[in-house]
file coords-v8.cif (mmCIF, C-alpha atoms)
data_my_file
loop_
_atom_site.label_atom_id
_atom_site.label_comp_id
_atom_site.auth_asym_id
_atom_site.auth_seq_id
_atom_site.Cartn_x
_atom_site.Cartn_y
_atom_site.Cartn_z
CA MET A 1 85.11 72.12 130.93
CA SER A 2 83.60 71.48 134.34
CA HIS A 3 80.02 70.51 134.99
CA GLU A 4 78.07 73.07 137.00
CA PRO A 5 75.43 71.31 139.08
CA SER A 6 72.12 72.30 137.54
CA GLY A 7 69.81 71.12 140.28
CA LEU A 8 68.47 68.60 137.79
CA SER A 9 68.37 64.95 138.66
CA PRO A 10 67.14 61.95 136.71
CA GLN A 11 63.96 60.28 137.89
CA PHE A 12 64.00 56.59 137.07
CA GLN A 13 61.25 54.04 137.13
CA ARG A 14 61.47 50.40 136.14
CA LEU A 15 59.74 49.55 132.85
CA VAL A 16 60.11 46.96 130.09
CA PRO A 17 61.16 48.99 127.02
CA GLU A 18 59.51 48.05 123.72
CA GLY A 19 61.18 45.00 122.21
CA ASP A 20 63.01 44.16 125.43
CA ASP A 21 62.29 41.21 127.71
CA ARG A 22 63.13 42.64 131.12
CA GLU A 23 62.66 45.74 133.25
CA ARG A 24 65.16 48.56 132.83
CA ARG A 25 65.60 51.91 134.56
CA VAL A 26 63.88 54.47 132.33
CA CYS A 27 64.06 58.20 133.12
CA ASP A 28 60.70 59.98 133.43
CA HIS A 29 62.24 63.26 132.36
CA CYS A 30 63.96 62.26 129.16
CA GLY A 31 63.17 58.63 128.33
CA PHE A 32 66.82 57.54 128.69
CA ILE A 33 67.13 53.78 129.19
CA ASP A 34 69.84 52.81 131.68
CA TYR A 35 70.70 49.18 130.92
CA GLU A 36 72.85 48.86 134.06
CA ASN A 37 75.22 46.45 132.41
CA PRO A 38 77.82 44.83 134.62
CA ARG A 39 80.95 46.91 134.95
CA ILE A 40 84.50 45.71 134.51
CA ILE A 41 87.15 46.39 137.14
CA VAL A 42 90.72 45.98 135.94
CA GLY A 43 93.73 45.67 138.20
CA SER A 44 96.99 43.87 138.85
CA VAL A 45 99.14 41.90 141.23
CA ALA A 46 102.27 43.85 140.35
CA ILE A 47 105.61 42.39 141.40
CA TRP A 48 109.04 43.91 141.99
CA GLU A 49 111.58 41.19 142.81
CA ASP A 50 109.76 39.22 145.52
CA ARG A 51 107.46 42.01 146.62
CA VAL A 52 103.94 43.06 145.65
CA LEU A 53 102.57 46.56 145.18
CA LEU A 54 99.74 47.58 147.50
CA CYS A 55 97.97 50.92 147.97
CA ARG A 56 96.34 52.24 151.14
CA ARG A 57 92.99 53.70 150.11
CA ALA A 58 92.44 57.43 150.56
CA ILE A 59 88.77 57.12 149.60
CA GLU A 60 85.67 55.22 150.65
CA PRO A 61 84.75 52.42 150.63
CA ARG A 62 87.36 50.89 152.94
CA LYS A 63 89.40 54.07 153.39
CA GLY A 64 92.69 53.31 155.16
CA TYR A 65 92.76 49.65 154.07
CA TRP A 66 95.25 48.13 151.64
CA THR A 67 94.25 47.14 148.13
CA LEU A 68 95.66 46.27 144.72
CA PRO A 69 95.82 49.03 142.12
CA ALA A 70 92.48 48.56 140.33
CA GLY A 71 89.46 50.47 139.14
CA PHE A 72 86.75 50.76 136.51
CA MET A 73 87.81 50.02 132.96
CA GLU A 74 87.19 52.97 130.62
CA ARG A 75 86.03 52.94 127.01
CA GLY A 76 88.79 53.05 124.42
CA GLU A 77 91.21 50.85 126.35
CA THR A 78 91.82 47.12 126.58
CA PRO A 79 91.61 45.46 130.01
CA ASP A 80 95.41 45.24 130.32
CA GLN A 81 95.79 48.89 129.28
CA GLY A 82 93.25 49.74 131.97
CA ALA A 83 95.24 47.79 134.57
CA ARG A 84 98.37 49.76 133.62
CA ARG A 85 96.48 53.07 133.80
CA GLU A 86 95.14 52.25 137.26
CA ALA A 87 98.62 51.37 138.53
CA TRP A 88 99.83 54.75 137.30
CA GLU A 89 96.87 56.66 138.74
CA GLU A 90 96.97 55.02 142.16
CA ALA A 91 100.69 54.35 142.66
CA ARG A 92 102.60 56.19 139.91
CA ALA A 93 103.82 52.73 138.96
CA ASN A 94 104.95 51.60 135.52
CA LEU A 95 104.31 47.99 134.81
CA GLU A 96 104.03 45.36 132.15
CA THR A 97 100.98 43.13 132.36
CA GLU A 98 101.44 39.42 131.86
CA GLN A 99 98.87 36.63 132.32
CA LEU A 100 95.24 37.13 133.25
CA LEU A 101 95.37 35.87 136.83
CA GLY A 102 91.75 36.01 137.94
CA VAL A 103 88.26 36.77 136.69
CA TYR A 104 86.16 37.45 139.77
CA SER A 105 82.46 37.91 139.25
CA VAL A 106 80.66 39.76 142.03
CA GLN A 107 77.17 39.51 140.63
CA HIS A 108 75.27 41.20 143.48
CA ILE A 109 76.90 44.50 142.66
CA GLY A 110 77.29 43.81 138.95
CA HIS A 111 81.09 43.80 138.86
CA VAL A 112 83.46 41.57 136.91
CA GLN A 113 87.05 41.99 138.06
CA MET A 114 89.85 41.15 135.65
CA ILE A 115 93.13 40.98 137.58
CA TYR A 116 96.45 40.57 135.78
CA ARG A 117 99.80 39.30 136.92
CA ALA A 118 102.21 42.18 136.24
CA ARG A 119 105.88 43.06 136.50
CA LEU A 120 106.93 46.49 137.76
CA LEU A 121 109.46 48.09 135.42
CA THR A 122 111.08 50.08 138.27
CA ASP A 123 110.51 50.32 142.02
CA ALA A 124 109.78 54.05 141.77
CA ILE A 125 106.26 54.35 143.20
CA ALA A 126 104.35 57.17 144.89
CA PRO A 127 100.76 57.69 146.07
CA GLY A 128 98.31 59.07 143.51
CA PRO A 129 95.24 61.08 144.57
CA GLU A 130 93.23 58.01 145.62
CA SER A 131 96.01 56.50 147.78
CA GLU A 132 97.22 57.59 151.23
CA GLU A 133 100.33 55.48 150.93
CA VAL A 134 101.81 52.85 148.61
CA GLY A 135 104.29 50.10 149.37
CA LEU A 136 106.07 46.98 148.17
CA PHE A 137 105.45 44.04 150.50
CA ARG A 138 107.01 40.62 150.85
CA PHE A 139 104.42 37.84 150.83
CA ASP A 140 105.43 36.76 154.34
CA ASP A 141 104.93 40.31 155.59
CA LEU A 142 101.66 41.48 154.04
CA PRO A 143 99.47 44.00 155.85
CA THR A 144 96.58 42.30 157.66
CA ASP A 145 94.09 45.08 156.96
CA LEU A 146 93.28 44.28 153.34
CA ALA A 147 90.36 46.17 151.82
CA PHE A 148 88.38 43.45 150.02
CA PRO A 149 88.12 39.64 149.79
CA SER A 150 89.17 39.84 146.15
CA VAL A 151 92.55 41.28 147.21
CA THR A 152 93.14 38.14 149.25
CA TRP A 153 91.99 35.91 146.37
CA ALA A 154 94.28 37.59 143.87
CA LEU A 155 97.31 37.37 146.18
CA GLU A 156 96.60 33.68 146.83
CA HIS A 157 96.08 33.00 143.14
CA TYR A 158 99.33 34.76 142.36
CA LEU A 159 101.24 32.48 144.76
CA GLU A 160 99.43 29.42 143.39
CA THR A 161 100.41 30.18 139.79
CA ARG A 162 103.67 32.12 140.11
CA ASP A 163 105.76 29.34 138.53
CA GLN A 164 103.34 28.79 135.63
CA THR A 165 103.14 30.63 132.36
CA ASP A 166 100.12 28.97 130.75
CA PHE A 167 97.19 28.59 133.11
CA ALA A 168 93.46 29.28 133.31
CA PRO A 169 92.52 32.44 135.20
CA ARG A 170 91.15 31.69 138.65
CA SER A 171 87.60 32.46 139.79
CA ALA A 172 86.22 33.68 143.10
CA PRO A 173 86.56 30.75 145.52
CA LEU A 174 82.95 30.92 146.72
CA PRO A 175 79.78 32.74 145.75
CA VAL A 176 80.04 36.20 147.26
CA VAL A 177 77.04 36.86 149.46
CA ASP A 178 78.19 39.99 151.28
CA ALA A 179 77.94 42.53 148.48
CA GLU A 180 79.00 45.42 150.70
CA SER A 181 82.44 44.04 151.40
CA ALA A 182 83.17 42.53 148.01
CA GLY A 183 83.76 45.51 145.72
CA LEU A 184 87.17 46.80 144.85
CA MET B 185 54.55 46.35 131.92
CA SER B 186 55.46 47.79 128.55
CA HIS B 187 57.08 51.15 128.00
CA GLU B 188 54.90 53.53 126.01
CA PRO B 189 57.04 55.92 123.98
CA SER B 190 56.58 59.30 125.61
CA GLY B 191 58.13 61.43 122.92
CA LEU B 192 60.84 62.25 125.45
CA SER B 193 64.45 61.70 124.56
CA PRO B 194 67.63 62.40 126.47
CA GLN B 195 69.77 65.28 125.29
CA PHE B 196 73.40 64.63 126.08
CA GLN B 197 76.38 66.92 126.02
CA ARG B 198 79.94 66.07 126.99
CA LEU B 199 81.09 67.62 130.30
CA VAL B 200 83.58 66.78 133.03
CA PRO B 201 81.42 66.07 136.10
CA GLU B 202 82.64 67.49 139.43
CA GLY B 203 85.39 65.31 140.90
CA ASP B 204 85.89 63.41 137.65
CA ASP B 205 88.89 63.62 135.36
CA ARG B 206 87.34 63.08 131.94
CA GLU B 207 84.35 64.08 129.86
CA ARG B 208 81.15 62.10 130.27
CA ARG B 209 77.77 62.24 128.57
CA VAL B 210 75.52 64.35 130.82
CA CYS B 211 71.81 64.80 130.04
CA ASP B 212 70.62 68.41 129.77
CA HIS B 213 67.12 67.43 130.85
CA CYS B 214 67.84 65.55 134.03
CA GLY B 215 71.57 65.73 134.84
CA PHE B 216 72.04 61.95 134.45
CA ILE B 217 75.69 61.00 133.93
CA ASP B 218 76.18 58.19 131.43
CA TYR B 219 79.62 56.73 132.16
CA GLU B 220 79.57 54.60 129.01
CA ASN B 221 81.59 51.84 130.60
CA PRO B 222 82.73 49.04 128.35
CA ARG B 223 80.14 46.32 128.00
CA ILE B 224 80.72 42.61 128.39
CA ILE B 225 79.57 40.15 125.76
CA VAL B 226 79.36 36.54 126.88
CA GLY B 227 79.15 33.55 124.60
CA SER B 228 80.33 30.05 123.87
CA VAL B 229 81.88 27.63 121.45
CA ALA B 230 79.43 24.85 122.31
CA ILE B 231 80.27 21.34 121.20
CA TRP B 232 78.17 18.22 120.58
CA GLU B 233 80.41 15.27 119.73
CA ASP B 234 82.64 16.77 117.00
CA ARG B 235 80.27 19.54 115.96
CA VAL B 236 79.87 23.15 116.98
CA LEU B 237 76.64 25.10 117.53
CA LEU B 238 76.12 28.10 115.24
CA CYS B 239 73.13 30.41 114.85
CA ARG B 240 72.05 32.31 111.73
CA ARG B 241 71.21 35.84 112.82
CA ALA B 242 67.61 37.02 112.41
CA ILE B 243 68.56 40.58 113.41
CA GLU B 244 70.96 43.32 112.39
CA PRO B 245 73.88 43.74 112.38
CA ARG B 246 74.90 40.94 110.02
CA LYS B 247 71.42 39.49 109.60
CA GLY B 248 71.59 36.15 107.77
CA TYR B 249 75.19 35.42 108.79
CA TRP B 250 76.29 32.68 111.17
CA THR B 251 77.48 33.44 114.68
CA LEU B 252 78.14 31.85 118.05
CA PRO B 253 75.42 32.12 120.69
CA ALA B 254 76.48 35.31 122.52
CA GLY B 255 75.13 38.59 123.78
CA PHE B 256 75.33 41.29 126.44
CA MET B 257 75.94 40.06 129.97
CA GLU B 258 73.17 41.13 132.36
CA ARG B 259 73.45 42.22 135.98
CA GLY B 260 72.88 39.48 138.53
CA GLU B 261 74.60 36.76 136.55
CA THR B 262 78.17 35.52 136.25
CA PRO B 263 79.81 35.49 132.80
CA ASP B 264 79.37 31.72 132.45
CA GLN B 265 75.71 31.95 133.52
CA GLY B 266 75.30 34.65 130.88
CA ALA B 267 76.83 32.38 128.23
CA ARG B 268 74.36 29.63 129.17
CA ARG B 269 71.42 32.06 129.08
CA GLU B 270 72.42 33.29 125.61
CA ALA B 271 72.67 29.73 124.29
CA TRP B 272 69.16 29.11 125.55
CA GLU B 273 67.75 32.36 124.16
CA GLU B 274 69.32 32.02 120.73
CA ALA B 275 69.35 28.26 120.18
CA ARG B 276 67.22 26.67 122.93
CA ALA B 277 70.42 24.84 123.81
CA ASN B 278 71.38 23.48 127.21
CA LEU B 279 75.07 23.48 127.88
CA GLU B 280 77.72 23.27 130.51
CA THR B 281 80.45 25.90 130.30
CA GLU B 282 84.03 24.79 130.75
CA GLN B 283 87.21 26.86 130.29
CA LEU B 284 87.32 30.54 129.41
CA LEU B 285 88.52 30.24 125.81
CA GLY B 286 89.00 33.84 124.75
CA VAL B 287 88.86 37.39 126.05
CA TYR B 288 88.51 39.63 123.00
CA SER B 289 88.70 43.33 123.57
CA VAL B 290 87.17 45.48 120.84
CA GLN B 291 88.04 48.86 122.29
CA HIS B 292 86.68 51.06 119.51
CA ILE B 293 83.17 50.01 120.31
CA GLY B 294 83.79 49.44 124.02
CA HIS B 295 83.15 45.70 124.05
CA VAL B 296 84.94 42.96 125.94
CA GLN B 297 83.91 39.50 124.76
CA MET B 298 84.28 36.55 127.12
CA ILE B 299 83.86 33.33 125.16
CA TYR B 300 83.70 29.95 126.91
CA ARG B 301 84.36 26.47 125.71
CA ALA B 302 81.14 24.57 126.40
CA ARG B 303 79.65 21.12 126.11
CA LEU B 304 76.07 20.69 124.88
CA LEU B 305 74.07 18.45 127.22
CA THR B 306 71.79 17.25 124.39
CA ASP B 307 71.60 17.88 120.64
CA ALA B 308 68.06 19.25 120.95
CA ILE B 309 68.37 22.76 119.56
CA ALA B 310 65.92 25.19 117.93
CA PRO B 311 66.00 28.81 116.82
CA GLY B 312 65.10 31.42 119.44
CA PRO B 313 63.62 34.81 118.43
CA GLU B 314 66.97 36.27 117.35
CA SER B 315 67.97 33.32 115.14
CA GLU B 316 66.65 32.35 111.70
CA GLU B 317 68.18 28.92 111.93
CA VAL B 318 70.55 26.99 114.18
CA GLY B 319 72.83 24.09 113.36
CA LEU B 320 75.60 21.77 114.49
CA PHE B 321 78.58 21.91 112.13
CA ARG B 322 81.69 19.79 111.72
CA PHE B 323 84.86 21.87 111.74
CA ASP B 324 85.70 20.74 108.21
CA ASP B 325 82.29 21.85 107.00
CA LEU B 326 81.71 25.26 108.60
CA PRO B 327 79.57 27.87 106.84
CA THR B 328 81.72 30.45 105.06
CA ASP B 329 79.42 33.38 105.82
CA LEU B 330 80.40 33.98 109.45
CA ALA B 331 79.07 37.17 111.02
CA PHE B 332 82.12 38.61 112.81
CA PRO B 333 85.90 38.22 112.99
CA SER B 334 85.56 37.16 116.63
CA VAL B 335 83.56 34.10 115.54
CA THR B 336 86.54 33.01 113.44
CA TRP B 337 88.96 33.72 116.30
CA ALA B 338 86.95 31.71 118.80
CA LEU B 339 86.61 28.73 116.45
CA GLU B 340 90.37 28.81 115.75
CA HIS B 341 91.16 29.15 119.46
CA TYR B 342 88.87 26.23 120.22
CA LEU B 343 90.76 24.01 117.77
CA GLU B 344 94.10 25.23 119.12
CA THR B 345 93.22 24.34 122.73
CA ARG B 346 90.76 21.49 122.39
CA ASP B 347 93.14 18.93 123.92
CA GLN B 348 94.16 21.16 126.83
CA THR B 349 92.41 21.63 130.14
CA ASP B 350 94.58 24.30 131.76
CA PHE B 351 95.43 27.15 129.43
CA ALA B 352 95.40 30.94 129.27
CA PRO B 353 92.43 32.43 127.43
CA ARG B 354 93.34 33.71 124.01
CA SER B 355 93.19 37.34 122.90
CA ALA B 356 92.18 38.98 119.63
CA PRO B 357 94.98 38.19 117.15
CA LEU B 358 95.41 41.80 116.00
CA PRO B 359 94.12 45.21 117.00
CA VAL B 360 90.67 45.52 115.50
CA VAL B 361 90.50 48.62 113.35
CA ASP B 362 87.20 48.08 111.62
CA ALA B 363 84.79 48.74 114.48
CA GLU B 364 81.74 48.25 112.29
CA SER B 365 82.46 44.63 111.54
CA ALA B 366 83.85 43.57 114.89
CA GLY B 367 80.84 43.45 117.20
CA LEU B 368 79.01 40.27 118.04
#

call {"tool": "encode", "arguments": {"input": "coords-v8.cif", "output": "structure tokens"}}
result
Amino acid sequence: MSHEPSGLSPQFQRLVPEGDDRERRVCDHCGFIDYENPRIIVGSVAIWEDRVLLCRRAIEPRKGYWTLPAGFMERGETPDQGARREAWEEARANLETEQLLGVYSVQHIGHVQMIYRARLLTDAIAPGPESEEVGLFRFDDLPTDLAFPSVTWALEHYLETRDQTDFAPRSAPLPVVDAESAGL
Amino acid sequence: MSHEPSGLSPQFQRLVPEGDDRERRVCDHCGFIDYENPRIIVGSVAIWEDRVLLCRRAIEPRKGYWTLPAGFMERGETPDQGARREAWEEARANLETEQLLGVYSVQHIGHVQMIYRARLLTDAIAPGPESEEVGLFRFDDLPTDLAFPSVTWALEHYLETRDQTDFAPRSAPLPVVDAESAGL
């Protein structure tokens, strides 16, 4: 079933709902309270032999730039299931997730990224609808036009921990101040 | 500013919004799309000497049972900042977060719990509005009426890793099938 645009749109104002202790977006039309909780992005540094899977974005933001397969976690899945789904959707890749490599909090835009180390089960990959192109890259021959700082962090953290099996997930190296460029 | 109940309430039906690939809750009154993303719960196993901070819940669910200080992460904070805020709100406790101890996914209710190992900076604690009572407990003298399975997991995972500094965060031991009892 497809949603026909109705011409309706929510009209939010900021109010403190009864029993709450901070302002929330409350819709004037229907009273809906939008808590705007942080959203989880799940993704992977997915490896085939000594190469890493990257996807050239077919959509904004950062269309044409290279990124890791990643996207918003959905209800009903675990974070690692979400990372596998995203790899399929963006690169038709089948993978097995391993350690949690990084937890990158980008608080200005309310994102928490959970990036897994993963192993591709085959090298059969192909662009999904949100990718212009997908590829497997050696670490000494990565594209220079990466989409987001967090892509760089995750690749660096992968190299830092590639010989370890039991390690703490890495964090963002510095507070992210440029919200625009930090999303995945 | 307090929100006066207006008698309005959102009326949702499930539709696939244009350009999306799955059903979402869309409000009949205003067209608002509620993506129902998974929500992050942040909390801590907070230690003073050889004792752990627990809070007896003053609210449902599981009113009267003991839990870790934890709650929904808010926008504008990192997960560890959220864990510190919750410890203050629920137990007037000041703490320093250390390693990420567990990432517990409770997919049936769309929760991802991020529980930190933490060190209390003082033993001055007191119940906040959502706690009936707070206490510091030795691990050989824990209350038996714990609120949620994840409290048990986090306490076990703390004991398992207490002598380690670099370790992978633990997961839920088994798929959680009883959604009702699994929330924090």

call {"tool": "closest_residue", "arguments": {"input": "coords-v8.cif", "among": "B:Arg346, B:Arg259, B:Arg303, B:Arg241", "to": "Glu317 of chain B", "atoms": "all atoms listed in the file"}}
result
B:Arg241

call {"tool": "resolve_selection", "arguments": {"input": "coords-v8.cif", "expression": "the PyMOL selection byres ((chain B and resi 261-269) around 10)", "output": "VMD selection string"}}
result
(chain A and resid 38 103 to 108 110 to 112) or (chain B and resid 224 to 230 253 to 260 270 to 284 297 to 302)

call {"tool": "write_last_selection", "arguments": {"input": "coords-v8.cif", "atoms": "C-alpha atoms", "output": "short mmCIF file (atom, residue, chain, number, x, y, z; two decimals), in the coordinates of the input"}}
result
data_model
loop_
_atom_site.label_atom_id
_atom_site.label_comp_id
_atom_site.auth_asym_id
_atom_site.auth_seq_id
_atom_site.Cartn_x
_atom_site.Cartn_y
_atom_site.Cartn_z
CA PRO A 38 77.82 44.83 134.62
CA VAL A 103 88.26 36.77 136.69
CA TYR A 104 86.16 37.45 139.77
CA SER A 105 82.46 37.91 139.25
CA VAL A 106 80.66 39.76 142.03
CA GLN A 107 77.17 39.51 140.63
CA HIS A 108 75.27 41.20 143.48
CA GLY A 110 77.29 43.81 138.95
CA HIS A 111 81.09 43.80 138.86
CA VAL A 112 83.46 41.57 136.91
CA ILE B 224 80.72 42.61 128.39
CA ILE B 225 79.57 40.15 125.76
CA VAL B 226 79.36 36.54 126.88
CA GLY B 227 79.15 33.55 124.60
CA SER B 228 80.33 30.05 123.87
CA VAL B 229 81.88 27.63 121.45
CA ALA B 230 79.43 24.85 122.31
CA PRO B 253 75.42 32.12 120.69
CA ALA B 254 76.48 35.31 122.52
CA GLY B 255 75.13 38.59 123.78
CA PHE B 256 75.33 41.29 126.44
CA MET B 257 75.94 40.06 129.97
CA GLU B 258 73.17 41.13 132.36
CA ARG B 259 73.45 42.22 135.98
CA GLY B 260 72.88 39.48 138.53
CA GLU B 270 72.42 33.29 125.61
CA ALA B 271 72.67 29.73 124.29
CA TRP B 272 69.16 29.11 125.55
CA GLU B 273 67.75 32.36 124.16
CA GLU B 274 69.32 32.02 120.73
CA ALA B 275 69.35 28.26 120.18
CA ARG B 276 67.22 26.67 122.93
CA ALA B 277 70.42 24.84 123.81
CA ASN B 278 71.38 23.48 127.21
CA LEU B 279 75.07 23.48 127.88
CA GLU B 280 77.72 23.27 130.51
CA THR B 281 80.45 25.90 130.30
CA GLU B 282 84.03 24.79 130.75
CA GLN B 283 87.21 26.86 130.29
CA LEU B 284 87.32 30.54 129.41
CA GLN B 297 83.91 39.50 124.76
CA MET B 298 84.28 36.55 127.12
CA ILE B 299 83.86 33.33 125.16
CA TYR B 300 83.70 29.95 126.91
CA ARG B 301 84.36 26.47 125.71
CA ALA B 302 81.14 24.57 126.40
#

call {"tool": "resolve_selection", "arguments": {"input": "coords-v8.cif", "expression": "the PyMOL selection byres ((chain B and resi 327-331) around 7)", "output": "PyMOL selection string"}}
result
chain B and resi 246+249-251+325-326+332+335

call {"tool": "closest_residue", "arguments": {"input": "coords-v8.cif", "among": "A:Gln11, A:Ser131, A:Gln164, A:Ser171", "to": "His29 of chain A", "atoms": "only C-alpha atoms"}}
result
A:Gln11

call {"tool": "resolve_selection", "arguments": {"input": "coords-v8.cif", "expression": "the PyMOL selection byres ((chain A and resi 155) around 10)", "output": "PyMOL selection string"}}
result
chain A and resi 44-45+52+68+101+117+139+142+150-154+156-160

call {"tool": "atom_distance", "arguments": {"input": "coords-v8.cif", "atom1": "atom CA of Glu49 of chain A", "atom2": "atom CA of Ala124 of chain A"}}
result
13.0 Å

call {"tool": "atom_distance", "arguments": {"input": "coords-v8.cif", "atom1": "atom CA of Pro149 of chain A", "atom2": "atom CA of Phe351 of chain B"}}
result
25.0 Å

call {"tool": "closest_residue", "arguments": {"input": "coords-v8.cif", "among": "B:Asp350, B:Asp212, B:Glu202, B:Asp234", "to": "Arg322 of chain B", "atoms": "all atoms listed in the file"}}
result
B:Asp234
